[in-house]
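Enquirer: Have a look at this one.
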Amino acid sequence: ALLERRETVRIDYTGDGRELSGRIRDVIMGALRRDDYTSYIVDSYFYSIRTLSGRSHIRLTLNWRETPEQTAEVDRQVRDVLERLITPGMNDHQRVKAIHDWIVLRLAYDAGLSRYTAYEALRTGKAVCQAYALLAYKMLAAAGLPARIVEGTVAEGDHAWNLVRVDGRWYHLDVTWDDPVPDRGGAVSYKYYLKTDAEMRRDHAWTRDYPRASLPYQAAVAAAKKADPERAGFYESLEAALGWKWLRPEHTAATADDLRRRIEEAFVSGADGFKVRYLRGDAVRDDLKRAAAAAKPAGVRAFEASIAPFGDDGSVLLEVTLVRR
């Protein structure tokens, strides 16, 4: 009845009426949880039980956030998008990234907190976390990627995101938190892209049982890259998008003296500047001033710096531009 999107369900029951009254809510919730998409488009439900002469009459009334016609339109649009987005021969890694990026670029977070469904997300281009998760669920599943919707909490309150299985391993995927707020056209974040349980628990919590996500995605990509050299170009672009290059020693600096050397190298080579992950994020401005004063390249009039947070270890991405005379 739920899959048919009925508004009223009537069932006659001949078992123990008292047992029925004690378990009916769990039965309804169990039915809802058989399908994540159905579960999260139920706005509310009410039930009544009338028992007479050992026979019970159950009436369940459901209010839906999305009509059957609207869900059919979501399915149609998802098919159309995937026909353009997913090409034959794409593997799991390529499909999940294409879907993640499409959703982030297509939607903007609904600050009015009124658009809860995939239909509203596609129709208006705006969505709250539940709509992001519903649309991602539909697209991932339609592309052959097993997916779940995760119900949990963050510091701001209730939150929803996805789990997706990539090459047989489950990962968390929070498309909502990978969409910059306010929306910036063309900007895609990967801070919450295919994370393990341990990585996600830093600022997400959940209480229901879900498939375990335990293998770091970086290890999975390293293995896939080794086993599939024909896709080396894709994996390299993926690693760059995820910011993993900044974890390598050649792209990392830890002291003011490291910064001084990079300033001098950039000047000598004729480069406009450099970009590096700096481990002492809390001291980066003071260290950069000391480095610039120590380097003193005669042909540089000024230094310009852009600083952005990186990861959860206190490091930052530092981009230094040399303004030449």
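Convention: chains lettered A, B, ... in structure tokens order; per-chain residue numbering from 1; ligands numbered from 1 as shown.
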Excluding same-chain residues fewer than 2 positions from A:Gly314, what lies within 8 Å of it counting only C-alpha atoms, as an mmCIF file with all heavy atoms, in the first residue's frame?
Expert:
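Saved to out29.cif:
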```cif
data_model
loop_
_atom_site.group_PDB
_atom_site.id
_atom_site.type_symbol
_atom_site.label_atom_id
_atom_site.label_comp_id
_atom_site.auth_asym_id
_atom_site.auth_seq_id
_atom_site.Cartn_x
_atom_site.Cartn_y
_atom_site.Cartn_z
ATOM 1 N N LEU A 279 51.013 23.702 7.802
ATOM 2 C CA LEU A 279 50.553 22.914 8.945
ATOM 3 C C LEU A 279 50.166 23.766 10.146
ATOM 4 O O LEU A 279 49.300 23.379 10.922
ATOM 5 C CB LEU A 279 51.638 21.906 9.358
ATOM 6 C CG LEU A 279 52.043 20.886 8.287
ATOM 7 C CD1 LEU A 279 53.063 19.912 8.843
ATOM 8 C CD2 LEU A 279 50.819 20.144 7.755
ATOM 9 N N ARG A 280 50.808 24.938 10.294
ATOM 10 C CA ARG A 280 50.534 25.796 11.471
ATOM 11 C C ARG A 280 49.519 26.874 11.080
ATOM 12 O O ARG A 280 49.828 28.038 10.958
ATOM 13 C CB ARG A 280 51.829 26.438 11.960
ATOM 14 C CG ARG A 280 52.781 25.447 12.626
ATOM 15 C CD ARG A 280 54.199 25.955 12.765
ATOM 16 N NE ARG A 280 54.348 27.372 12.990
ATOM 17 C CZ ARG A 280 54.408 27.969 14.196
ATOM 18 N NH1 ARG A 280 54.301 27.221 15.292
ATOM 19 N NH2 ARG A 280 54.599 29.267 14.286
ATOM 20 N N GLY A 281 48.274 26.415 10.899
ATOM 21 C CA GLY A 281 47.245 27.348 10.456
ATOM 22 C C GLY A 281 47.025 28.514 11.386
ATOM 23 O O GLY A 281 46.747 29.636 10.948
ATOM 24 N N ASP A 282 47.173 28.294 12.686
ATOM 25 C CA ASP A 282 46.936 29.372 13.653
ATOM 26 C C ASP A 282 48.054 30.416 13.641
ATOM 27 O O ASP A 282 47.888 31.520 14.149
ATOM 28 C CB ASP A 282 46.770 28.796 15.061
ATOM 29 C CG ASP A 282 47.967 27.952 15.489
ATOM 30 O OD1 ASP A 282 48.789 27.588 14.627
ATOM 31 O OD2 ASP A 282 48.078 27.656 16.706
ATOM 32 N N PRO A 309 40.786 27.150 5.133
ATOM 33 C CA PRO A 309 40.926 25.969 5.997
ATOM 34 C C PRO A 309 41.114 24.705 5.169
ATOM 35 O O PRO A 309 40.614 24.603 4.046
ATOM 36 C CB PRO A 309 39.599 25.926 6.761
ATOM 37 C CG PRO A 309 39.020 27.301 6.633
ATOM 38 C CD PRO A 309 39.493 27.824 5.316
ATOM 39 N N PHE A 310 41.839 23.747 5.750
ATOM 40 C CA PHE A 310 42.052 22.471 5.071
ATOM 41 C C PHE A 310 41.958 21.355 6.098
ATOM 42 O O PHE A 310 42.766 21.276 7.027
ATOM 43 C CB PHE A 310 43.414 22.435 4.378
ATOM 44 C CG PHE A 310 43.646 21.173 3.590
ATOM 45 C CD1 PHE A 310 43.280 21.095 2.261
ATOM 46 C CD2 PHE A 310 44.223 20.054 4.188
ATOM 47 C CE1 PHE A 310 43.486 19.931 1.532
ATOM 48 C CE2 PHE A 310 44.427 18.885 3.477
ATOM 49 C CZ PHE A 310 44.054 18.829 2.137
ATOM 50 N N GLY A 311 40.976 20.474 5.916
ATOM 51 C CA GLY A 311 40.849 19.319 6.802
ATOM 52 C C GLY A 311 40.532 19.697 8.235
ATOM 53 O O GLY A 311 40.060 20.797 8.539
ATOM 54 N N ASP A 312 40.824 18.754 9.136
ATOM 55 C CA ASP A 312 40.496 18.934 10.548
ATOM 56 C C ASP A 312 41.729 18.917 11.447
ATOM 57 O O ASP A 312 41.619 18.752 12.662
ATOM 58 C CB ASP A 312 39.537 17.812 10.997
ATOM 59 C CG ASP A 312 38.261 17.799 10.188
ATOM 60 O OD1 ASP A 312 37.578 18.842 10.140
ATOM 61 O OD2 ASP A 312 37.951 16.747 9.587
ATOM 62 N N VAL A 316 46.102 24.788 6.808
ATOM 63 C CA VAL A 316 45.386 25.666 5.884
ATOM 64 C C VAL A 316 46.033 25.567 4.512
ATOM 65 O O VAL A 316 47.196 25.155 4.378
ATOM 66 C CB VAL A 316 45.414 27.140 6.358
ATOM 67 C CG1 VAL A 316 44.657 27.309 7.668
ATOM 68 C CG2 VAL A 316 46.851 27.652 6.467
#
```
Enquirer: Quick one: residues within 6 Å of stretch 43-54 of chain A, only C-alpha atoms, excluding same-chain residues fewer than 4 positions away - as a list in words?
Expert: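 Non-adjacent residues within range: Ile58, Arg59, Leu60, Thr61, Leu62, Asn63, Trp64 and Arg65 of chain A.
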Enquirer: Which residue gives the smallest distance to A:Asp174 among A:Val276, A:Leu318, A:Ala160, A:Leu140, with only C-alpha atoms counted?
Expert: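 Counting only C-alpha atoms, the residue closest to A:Asp174 is A:Ala160.
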Enquirer: Would you list, as a PyMOL selection string, the residues of stretch 86-303 of chain A that end up in helix (DSSP H, G or I) under DSSP run on this structure's backbone?
Expert: chain A and resi 92-106+118-124+129-142+197-200+217-227+229-241+244-247+249-251+256-269+281-295
Enquirer: For A:Arg324, please output as a PDB file with N, CA and C atoms, in the first residue's frame all residues within 12 Å (counting only C-alpha atoms; exclusion window: fewer than 6 positions along the same chain).
Expert:
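The result, written out as out-v4.pdb:
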```pdb
ATOM      1  N   ALA A 266      60.192  30.811  -5.927  1.00  0.00           N
ATOM      2  CA  ALA A 266      59.225  31.372  -6.859  1.00  0.00           C
ATOM      3  C   ALA A 266      59.807  32.589  -7.571  1.00  0.00           C
ATOM      4  N   PHE A 267      60.527  33.426  -6.812  1.00  0.00           N
ATOM      5  CA  PHE A 267      61.103  34.633  -7.406  1.00  0.00           C
ATOM      6  C   PHE A 267      62.167  34.285  -8.453  1.00  0.00           C
ATOM      7  N   GLY A 270      60.776  32.886 -11.660  1.00  0.00           N
ATOM      8  CA  GLY A 270      59.902  33.781 -12.411  1.00  0.00           C
ATOM      9  C   GLY A 270      58.427  33.503 -12.215  1.00  0.00           C
ATOM     10  N   ALA A 271      58.092  32.636 -11.255  1.00  0.00           N
ATOM     11  CA  ALA A 271      56.682  32.313 -10.997  1.00  0.00           C
ATOM     12  C   ALA A 271      55.978  33.484 -10.316  1.00  0.00           C
ATOM     13  N   ASP A 272      54.665  33.539 -10.490  1.00  0.00           N
ATOM     14  CA  ASP A 272      53.882  34.599  -9.854  1.00  0.00           C
ATOM     15  C   ASP A 272      53.669  34.340  -8.368  1.00  0.00           C
ATOM     16  N   GLY A 273      53.909  33.111  -7.933  1.00  0.00           N
ATOM     17  CA  GLY A 273      53.706  32.776  -6.534  1.00  0.00           C
ATOM     18  C   GLY A 273      53.700  31.279  -6.339  1.00  0.00           C
ATOM     19  N   LYS A 296      63.227  38.960   1.384  1.00  0.00           N
ATOM     20  CA  LYS A 296      63.577  40.285   0.845  1.00  0.00           C
ATOM     21  C   LYS A 296      64.019  40.255  -0.623  1.00  0.00           C
ATOM     22  N   PRO A 297      63.260  39.612  -1.518  1.00  0.00           N
ATOM     23  CA  PRO A 297      63.663  39.667  -2.935  1.00  0.00           C
ATOM     24  C   PRO A 297      63.516  41.089  -3.462  1.00  0.00           C
ATOM     25  N   ALA A 298      64.588  41.608  -4.059  1.00  0.00           N
ATOM     26  CA  ALA A 298      64.612  43.015  -4.460  1.00  0.00           C
ATOM     27  C   ALA A 298      63.544  43.365  -5.486  1.00  0.00           C
ATOM     28  N   GLY A 299      63.138  42.413  -6.294  1.00  0.00           N
ATOM     29  CA  GLY A 299      62.188  42.723  -7.345  1.00  0.00           C
ATOM     30  C   GLY A 299      60.734  42.579  -6.951  1.00  0.00           C
ATOM     31  N   VAL A 300      60.466  42.336  -5.674  1.00  0.00           N
ATOM     32  CA  VAL A 300      59.085  42.148  -5.217  1.00  0.00           C
ATOM     33  C   VAL A 300      58.641  43.358  -4.413  1.00  0.00           C
ATOM     34  N   ARG A 301      57.517  43.941  -4.839  1.00  0.00           N
ATOM     35  CA  ARG A 301      56.997  45.132  -4.160  1.00  0.00           C
ATOM     36  C   ARG A 301      56.119  44.762  -2.973  1.00  0.00           C
ATOM     37  N   ALA A 302      55.367  43.653  -3.091  1.00  0.00           N
ATOM     38  CA  ALA A 302      54.456  43.260  -2.017  1.00  0.00           C
ATOM     39  C   ALA A 302      54.097  41.792  -2.167  1.00  0.00           C
ATOM     40  N   PHE A 303      53.494  41.258  -1.114  1.00  0.00           N
ATOM     41  CA  PHE A 303      53.004  39.884  -1.125  1.00  0.00           C
ATOM     42  C   PHE A 303      51.500  39.908  -0.859  1.00  0.00           C
ATOM     43  N   GLU A 304      50.764  39.097  -1.606  1.00  0.00           N
ATOM     44  CA  GLU A 304      49.338  38.927  -1.357  1.00  0.00           C
ATOM     45  C   GLU A 304      49.100  37.473  -0.977  1.00  0.00           C
TER      46      GLU A 304
END
```
Enquirer: Neighbouring residues of A:Val175 were defined as those with any atom within 9 Å, considering only C-alpha atoms; residues of the same chain fewer than 6 positions away were excluded. Please report them as a list of chain:residue names.
Expert: A:His100, A:Asp101, A:Ile103, A:Val104, A:Cys129, A:Tyr132, A:Ala133, A:Ala136, A:Trp161, A:Asn162, A:Ser189, A:Tyr190, A:Tyr192, A:Tyr193
Enquirer: Would you write out those residues with N, CA, C and O atoms, as a tab-separated table (two decimals), in the first residue's frame?
Expert:
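Contents of result_34.tsv, as written:
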```tsv
chain	number	residue	atom	x	y	z
A	100	HIS	N	27.27	13.37	-7.78
A	100	HIS	CA	27.55	14.32	-6.70
A	100	HIS	C	27.73	15.73	-7.27
A	100	HIS	O	27.11	16.69	-6.81
A	101	ASP	N	28.57	15.85	-8.28
A	101	ASP	CA	28.86	17.17	-8.84
A	101	ASP	C	27.64	17.78	-9.50
A	101	ASP	O	27.39	18.99	-9.38
A	103	ILE	N	24.45	17.35	-8.75
A	103	ILE	CA	23.50	17.83	-7.74
A	103	ILE	C	24.00	19.12	-7.09
A	103	ILE	O	23.24	20.09	-6.93
A	104	VAL	N	25.27	19.16	-6.73
A	104	VAL	CA	25.82	20.36	-6.10
A	104	VAL	C	25.71	21.57	-7.03
A	104	VAL	O	25.35	22.67	-6.61
A	129	CYS	N	18.22	19.59	3.35
A	129	CYS	CA	19.05	18.38	3.34
A	129	CYS	C	18.26	17.14	2.93
A	129	CYS	O	18.77	16.27	2.21
A	132	TYR	N	17.97	17.06	-0.84
A	132	TYR	CA	19.26	16.67	-1.41
A	132	TYR	C	19.44	15.15	-1.31
A	132	TYR	O	19.83	14.49	-2.28
A	133	ALA	N	19.19	14.61	-0.12
A	133	ALA	CA	19.40	13.18	0.10
A	133	ALA	C	18.44	12.33	-0.72
A	133	ALA	O	18.82	11.27	-1.24
A	136	ALA	N	19.67	12.49	-4.39
A	136	ALA	CA	20.90	11.69	-4.52
A	136	ALA	C	20.56	10.20	-4.48
A	136	ALA	O	21.10	9.40	-5.26
A	161	TRP	N	21.57	12.63	5.12
A	161	TRP	CA	22.57	12.50	4.08
A	161	TRP	C	22.51	11.08	3.52
A	161	TRP	O	21.53	10.37	3.79
A	162	ASN	N	23.48	10.66	2.77
A	162	ASN	CA	23.42	9.36	2.12
A	162	ASN	C	24.58	8.45	2.50
A	162	ASN	O	25.64	8.92	2.92
A	189	SER	N	32.39	21.45	-3.30
A	189	SER	CA	33.25	21.03	-2.20
A	189	SER	C	33.26	19.50	-2.13
A	189	SER	O	32.32	18.85	-2.56
A	190	TYR	N	34.33	18.96	-1.56
A	190	TYR	CA	34.43	17.51	-1.38
A	190	TYR	C	34.78	17.15	0.07
A	190	TYR	O	35.30	16.08	0.33
A	192	TYR	N	32.84	16.35	2.42
A	192	TYR	CA	32.03	15.24	2.93
A	192	TYR	C	31.76	14.22	1.83
A	192	TYR	O	30.69	13.65	1.74
A	193	TYR	N	32.78	13.98	1.02
A	193	TYR	CA	32.67	13.09	-0.12
A	193	TYR	C	33.27	11.73	0.22
A	193	TYR	O	34.48	11.61	0.45
```
Enquirer: To one decimal in Å, tell me the separation between atom CA of A:Glu66 and atom CA of A:Ile99.
Expert: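 It comes out at 22.2 Å.
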Enquirer: Given the choices A:His172, A:Arg23, A:Arg184, A:Arg261, which gets closest to A:Asp197 if the distance is worked out from only C-alpha atoms?
Expert: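 Using only C-alpha atoms, the shortest distance to A:Asp197 belongs to A:His172.
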Enquirer: For the structure I just gave you, how does DSSP split stretch 242-275 of chain A - specifically, which residues are strand (DSSP E)? Reply as a tab-separated table (two decimals) with N, CA and C atoms, in the first residue's frame.
Expert:
```
chain	number	residue	atom	x	y	z
A	252	THR	N	53.68	20.57	1.07
A	252	THR	CA	53.43	20.87	2.48
A	252	THR	C	54.57	21.70	3.05
A	253	ALA	N	54.24	22.67	3.89
A	253	ALA	CA	55.23	23.48	4.61
A	253	ALA	C	54.83	23.55	6.08
A	273	GLY	N	53.91	33.11	-7.93
A	273	GLY	CA	53.71	32.78	-6.53
A	273	GLY	C	53.70	31.28	-6.34
A	274	PHE	N	53.06	30.82	-5.28
A	274	PHE	CA	53.00	29.39	-5.00
A	274	PHE	C	51.79	29.12	-4.10
A	275	LYS	N	51.42	27.84	-4.06
A	275	LYS	CA	50.33	27.39	-3.20
A	275	LYS	C	50.81	26.19	-2.42
```
Enquirer: If we count only C-alpha atoms and set the cut-off at 12 Å, which residues sit around A:Ala1, ignoring sequence neighbours fewer than 6 positions away in its own chain? Please answer as a PyMOL selection string.
Expert: chain A and resi 7-11+28+31-32+38+60-62
Enquirer: I need the residues from that last selection saved to file as a compact mmCIF listing (two decimals), in the first residue's frame (with all heavy atoms), if you can.
Expert:
```txt
# COMPACT_ATOMS: atom_id res chain seq x y z
N GLU A 7 -3.49 6.87 0.29
CA GLU A 7 -3.73 7.81 1.38
C GLU A 7 -4.47 7.15 2.53
O GLU A 7 -4.39 7.61 3.67
CB GLU A 7 -4.50 9.02 0.86
CG GLU A 7 -3.71 9.84 -0.15
CD GLU A 7 -4.47 11.06 -0.62
OE1 GLU A 7 -5.67 11.18 -0.28
OE2 GLU A 7 -3.88 11.89 -1.33
N THR A 8 -5.22 6.08 2.23
CA THR A 8 -5.94 5.35 3.27
C THR A 8 -5.74 3.85 3.08
O THR A 8 -5.83 3.34 1.96
CB THR A 8 -7.45 5.66 3.22
OG1 THR A 8 -7.66 7.07 3.35
CG2 THR A 8 -8.19 4.94 4.35
N VAL A 9 -5.43 3.17 4.17
CA VAL A 9 -5.23 1.73 4.15
C VAL A 9 -6.13 1.11 5.21
O VAL A 9 -6.12 1.53 6.37
CB VAL A 9 -3.75 1.36 4.44
CG1 VAL A 9 -3.56 -0.15 4.34
CG2 VAL A 9 -2.81 2.09 3.51
N ARG A 10 -6.91 0.11 4.81
CA ARG A 10 -7.80 -0.59 5.76
C ARG A 10 -7.41 -2.07 5.80
O ARG A 10 -7.24 -2.70 4.74
CB ARG A 10 -9.26 -0.45 5.35
CG ARG A 10 -9.79 0.97 5.46
CD ARG A 10 -11.27 1.01 5.08
NE ARG A 10 -11.84 2.34 5.28
CZ ARG A 10 -11.82 3.30 4.37
NH1 ARG A 10 -11.22 3.08 3.19
NH2 ARG A 10 -12.36 4.48 4.61
N ILE A 11 -7.25 -2.59 7.00
CA ILE A 11 -6.85 -3.99 7.18
C ILE A 11 -7.70 -4.61 8.29
O ILE A 11 -7.89 -3.99 9.36
CB ILE A 11 -5.36 -4.12 7.55
CG1 ILE A 11 -4.48 -3.47 6.47
CG2 ILE A 11 -4.97 -5.58 7.75
CD1 ILE A 11 -3.01 -3.41 6.84
N ILE A 28 4.14 -0.41 11.39
CA ILE A 28 4.07 0.65 10.39
C ILE A 28 5.45 1.19 10.08
O ILE A 28 5.84 1.36 8.92
CB ILE A 28 3.13 1.78 10.88
CG1 ILE A 28 1.71 1.27 10.98
CG2 ILE A 28 3.20 2.98 9.93
CD1 ILE A 28 0.76 2.22 11.69
N ALA A 31 7.46 -1.19 8.00
CA ALA A 31 7.06 -1.16 6.59
C ALA A 31 7.64 0.06 5.89
O ALA A 31 8.13 -0.03 4.76
CB ALA A 31 5.54 -1.17 6.48
N LEU A 32 7.59 1.20 6.55
CA LEU A 32 8.12 2.43 5.95
C LEU A 32 9.62 2.30 5.68
O LEU A 32 10.12 2.76 4.65
CB LEU A 32 7.87 3.62 6.88
CG LEU A 32 6.46 4.21 6.86
CD1 LEU A 32 6.28 5.20 8.00
CD2 LEU A 32 6.19 4.91 5.53
N THR A 38 10.35 6.13 0.07
CA THR A 38 8.97 6.19 0.57
C THR A 38 8.93 6.72 1.99
O THR A 38 8.10 7.56 2.33
CB THR A 38 8.34 4.78 0.52
OG1 THR A 38 8.35 4.31 -0.83
CG2 THR A 38 6.92 4.80 1.04
N LEU A 60 -5.43 3.17 8.51
CA LEU A 60 -4.21 3.97 8.48
C LEU A 60 -4.38 5.08 7.45
O LEU A 60 -4.72 4.82 6.29
CB LEU A 60 -3.01 3.09 8.09
CG LEU A 60 -1.67 3.78 7.86
CD1 LEU A 60 -1.16 4.43 9.13
CD2 LEU A 60 -0.65 2.77 7.32
N THR A 61 -4.17 6.33 7.89
CA THR A 61 -4.27 7.49 7.00
C THR A 61 -2.90 8.13 6.87
O THR A 61 -2.22 8.37 7.88
CB THR A 61 -5.27 8.52 7.57
OG1 THR A 61 -6.54 7.89 7.73
CG2 THR A 61 -5.41 9.71 6.62
N LEU A 62 -2.48 8.38 5.63
CA LEU A 62 -1.15 8.92 5.37
C LEU A 62 -1.25 10.24 4.63
O LEU A 62 -2.05 10.40 3.71
CB LEU A 62 -0.32 7.94 4.55
CG LEU A 62 -0.08 6.58 5.19
CD1 LEU A 62 -0.66 5.49 4.33
CD2 LEU A 62 1.40 6.35 5.42
```
